[in-house]
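Structure file coords12.pdb with PDB, C-alpha atoms, pLDDT in the B column:
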MODEL        1
ATOM      1  CA  MET F   1      91.766  39.815  57.974  1.00 47.00           C
ATOM      2  CA  ASN F   2      94.352  41.120  60.465  1.00 47.00           C
ATOM      3  CA  LYS F   3      94.425  37.750  62.234  1.00 54.00           C
ATOM      4  CA  ARG F   4      95.197  36.062  58.949  1.00 55.00           C
ATOM      5  CA  ILE F   5      98.130  38.434  58.275  1.00 55.00           C
ATOM      6  CA  TYR F   6      99.523  37.886  61.771  1.00 45.00           C
ATOM      7  CA  LEU F   7      99.178  34.140  61.330  1.00 48.00           C
ATOM      8  CA  VAL F   8     101.094  34.239  58.034  1.00 49.00           C
ATOM      9  CA  LEU F   9     103.793  36.510  59.494  1.00 48.00           C
ATOM     10  CA  GLY F  10     104.090  34.318  62.581  1.00 50.00           C
ATOM     11  CA  THR F  11     104.416  31.187  60.475  1.00 51.00           C
ATOM     12  CA  ALA F  12     107.040  32.836  58.284  1.00 51.00           C
ATOM     13  CA  ALA F  13     109.018  33.974  61.334  1.00 50.00           C
ATOM     14  CA  LEU F  14     108.953  30.467  62.811  1.00 45.00           C
ATOM     15  CA  SER F  15     110.081  28.995  59.483  1.00 46.00           C
ATOM     16  CA  VAL F  16     113.031  31.367  59.280  1.00 47.00           C
ATOM     17  CA  ALA F  17     113.968  30.599  62.895  1.00 46.00           C
ATOM     18  CA  GLY F  18     113.765  26.879  62.152  1.00 48.00           C
ATOM     19  CA  ILE F  19     115.997  27.197  59.095  1.00 49.00           C
ATOM     20  CA  ALA F  20     118.551  29.237  61.070  1.00 52.00           C
ATOM     21  CA  ALA F  21     118.567  26.637  63.862  1.00 57.00           C
ATOM     22  CA  GLY F  22     119.029  23.871  61.291  1.00 71.00           C
ATOM     23  CA  GLN F  23     121.928  25.695  59.672  1.00 78.00           C
ATOM     24  CA  GLU F  24     123.555  26.170  63.074  1.00 84.00           C
ATOM     25  CA  LEU F  25     123.305  22.438  63.784  1.00 85.00           C
ATOM     26  CA  ILE F  26     124.860  21.636  60.407  1.00 86.00           C
ATOM     27  CA  LEU F  27     127.580  24.240  60.967  1.00 88.00           C
ATOM     28  CA  ASN F  28     128.400  22.808  64.411  1.00 90.00           C
ATOM     29  CA  ALA F  29     128.528  19.274  63.008  1.00 90.00           C
ATOM     30  CA  ALA F  30     130.856  20.377  60.203  1.00 89.00           C
ATOM     31  CA  ALA F  31     133.103  22.262  62.648  1.00 92.00           C
ATOM     32  CA  ASN F  32     133.274  19.265  64.973  1.00 93.00           C
ATOM     33  CA  LYS F  33     134.158  17.008  62.022  1.00 90.00           C
ATOM     34  CA  VAL F  34     136.990  19.316  60.937  1.00 90.00           C
ATOM     35  CA  ILE F  35     138.299  19.617  64.501  1.00 92.00           C
ATOM     36  CA  GLY F  36     138.181  15.828  64.912  1.00 94.00           C
ATOM     37  CA  LYS F  37     140.036  15.341  61.637  1.00 90.00           C
ATOM     38  CA  TYR F  38     142.888  17.566  62.766  1.00 89.00           C
ATOM     39  CA  GLN F  39     143.031  16.150  66.291  1.00 93.00           C
ATOM     40  CA  ASN F  40     143.006  12.529  65.122  1.00 94.00           C
ATOM     41  CA  SER F  41     145.357  12.848  62.138  1.00 93.00           C
ATOM     42  CA  THR F  42     149.092  12.457  62.221  1.00 94.00           C
ATOM     43  CA  CYS F  43     151.296  15.183  60.798  1.00 94.00           C
ATOM     44  CA  GLU F  44     152.180  12.905  57.895  1.00 94.00           C
ATOM     45  CA  GLN F  45     148.505  12.413  57.072  1.00 93.00           C
ATOM     46  CA  LEU F  46     147.883  16.163  57.138  1.00 90.00           C
ATOM     47  CA  TRP F  47     150.878  16.856  54.889  1.00 90.00           C
ATOM     48  CA  ALA F  48     149.704  14.203  52.408  1.00 91.00           C
ATOM     49  CA  GLU F  49     146.132  15.490  52.469  1.00 86.00           C
ATOM     50  CA  LYS F  50     147.277  19.047  51.838  1.00 83.00           C
ATOM     51  CA  SER F  51     148.330  18.137  48.292  1.00 85.00           C
ATOM     52  CA  GLN F  52     145.057  16.348  47.477  1.00 87.00           C
ATOM     53  CA  PRO F  53     142.213  18.160  45.654  1.00 88.00           C
ATOM     54  CA  LYS F  54     139.085  18.985  47.651  1.00 84.00           C
ATOM     55  CA  SER F  55     136.059  16.740  47.344  1.00 87.00           C
ATOM     56  CA  GLU F  56     132.820  18.062  45.849  1.00 91.00           C
ATOM     57  CA  ARG F  57     131.297  18.148  49.325  1.00 86.00           C
ATOM     58  CA  GLU F  58     134.197  20.223  50.669  1.00 86.00           C
ATOM     59  CA  GLU F  59     133.902  22.612  47.718  1.00 90.00           C
ATOM     60  CA  LYS F  60     130.188  23.102  48.436  1.00 90.00           C
ATOM     61  CA  ALA F  61     130.928  23.801  52.095  1.00 88.00           C
ATOM     62  CA  VAL F  62     133.640  26.320  51.205  1.00 90.00           C
ATOM     63  CA  ASN F  63     131.345  28.052  48.711  1.00 92.00           C
ATOM     64  CA  PHE F  64     128.590  28.222  51.337  1.00 90.00           C
ATOM     65  CA  LEU F  65     130.979  29.808  53.826  1.00 92.00           C
ATOM     66  CA  ARG F  66     132.234  32.275  51.209  1.00 94.00           C
ATOM     67  CA  GLY F  67     128.662  33.373  50.559  1.00 94.00           C
ATOM     68  CA  ASN F  68     127.606  33.611  54.198  1.00 92.00           C
ATOM     69  CA  PRO F  69     129.877  35.873  56.283  1.00 93.00           C
ATOM     70  CA  GLN F  70     128.032  35.199  59.545  1.00 92.00           C
ATOM     71  CA  ALA F  71     128.298  31.414  59.148  1.00 91.00           C
ATOM     72  CA  ARG F  72     131.941  31.747  58.084  1.00 93.00           C
ATOM     73  CA  SER F  73     132.769  33.782  61.178  1.00 94.00           C
ATOM     74  CA  GLU F  74     131.028  31.283  63.445  1.00 93.00           C
ATOM     75  CA  PHE F  75     132.787  28.329  61.768  1.00 93.00           C
ATOM     76  CA  ILE F  76     136.239  29.907  61.903  1.00 94.00           C
ATOM     77  CA  ASN F  77     135.784  30.902  65.542  1.00 94.00           C
ATOM     78  CA  LYS F  78     135.145  27.233  66.371  1.00 94.00           C
ATOM     79  CA  VAL F  79     137.897  25.601  64.337  1.00 94.00           C
ATOM     80  CA  ALA F  80     140.725  28.155  64.335  1.00 95.00           C
ATOM     81  CA  ALA F  81     142.438  27.301  67.619  1.00 95.00           C
ATOM     82  CA  PRO F  82     142.472  23.478  67.253  1.00 95.00           C
ATOM     83  CA  ILE F  83     143.633  23.679  63.631  1.00 93.00           C
ATOM     84  CA  ALA F  84     146.312  26.288  64.347  1.00 95.00           C
ATOM     85  CA  ASN F  85     147.659  24.255  67.275  1.00 95.00           C
ATOM     86  CA  LYS F  86     147.925  21.097  65.180  1.00 94.00           C
ATOM     87  CA  MET F  87     149.500  22.926  62.259  1.00 92.00           C
ATOM     88  CA  PHE F  88     152.053  24.463  64.642  1.00 94.00           C
ATOM     89  CA  GLU F  89     152.867  21.024  66.072  1.00 94.00           C
ATOM     90  CA  CYS F  90     153.348  19.667  62.554  1.00 93.00           C
ATOM     91  CA  GLY F  91     155.557  22.502  61.409  1.00 93.00           C
ATOM     92  CA  MET F  92     152.995  23.731  58.897  1.00 90.00           C
ATOM     93  CA  ILE F  93     153.121  27.251  60.336  1.00 88.00           C
ATOM     94  CA  PRO F  94     156.075  28.962  62.012  1.00 81.00           C
TER      95      PRO F  94
ENDMDL
END
Go through the file and emit its structure as structure tokens.
Amino acid sequence: MNKRIYLVLGTAALSVAGIAAGQELILNAAANKVIGKYQNSTCEQLWAEKSQPKSEREEKAVNFLRGNPQARSEFINKVAAPIANKMFECGMIP
């Protein structure tokens, strides 16, 4: 009976670890996409995009980050510097 419990607990632990690793891969891909967008866009494109409404996919991503402080912190740590630099170059921040 104890072996069965350990097997179930071990399987559950591996599943959780797999989900966390999958979320990290998705988070890294999203961060890289955002960084690429800012690095490859002109200032005019960024200004024009600023006034556009967010897509459904972007809204889902924002809601996920709002609900997951650890993922939000990791995402912001990756994208903050490249975005801030581009916004500074474009006169979007002082």
For this session: Translate the PyMOL selection byres ((chain F and resi 32) around 12), as applied to the file shown, into an explicit residue set as a ChimeraX atom specification.
Result: /F:25-31,33-40,75-80,82-83
Exercise. Which residue gives the smallest distance to F:Gly91 among F:Cys43, F:Lys50, F:Gly22, F:Arg66, with only C-alpha atoms counted?
Worked result: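 Counting only C-alpha atoms, the residue closest to F:Gly91 is F:Cys43.
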Exercise. Which polymer residues have any atom within 10 Å of an atom of stretch 51-65 of chain F, counting all atoms listed in the file, with same-chain residues fewer than 3 positions away left out, as a list in words?
Worked result: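 In the requested format, the answer is Leu27, Ala30, Leu46, Trp47, Ala48, Asn68, Pro69, Gln70, Ala71, Arg72, Ser73, Glu74, Phe75 and Ile76 of chain F.
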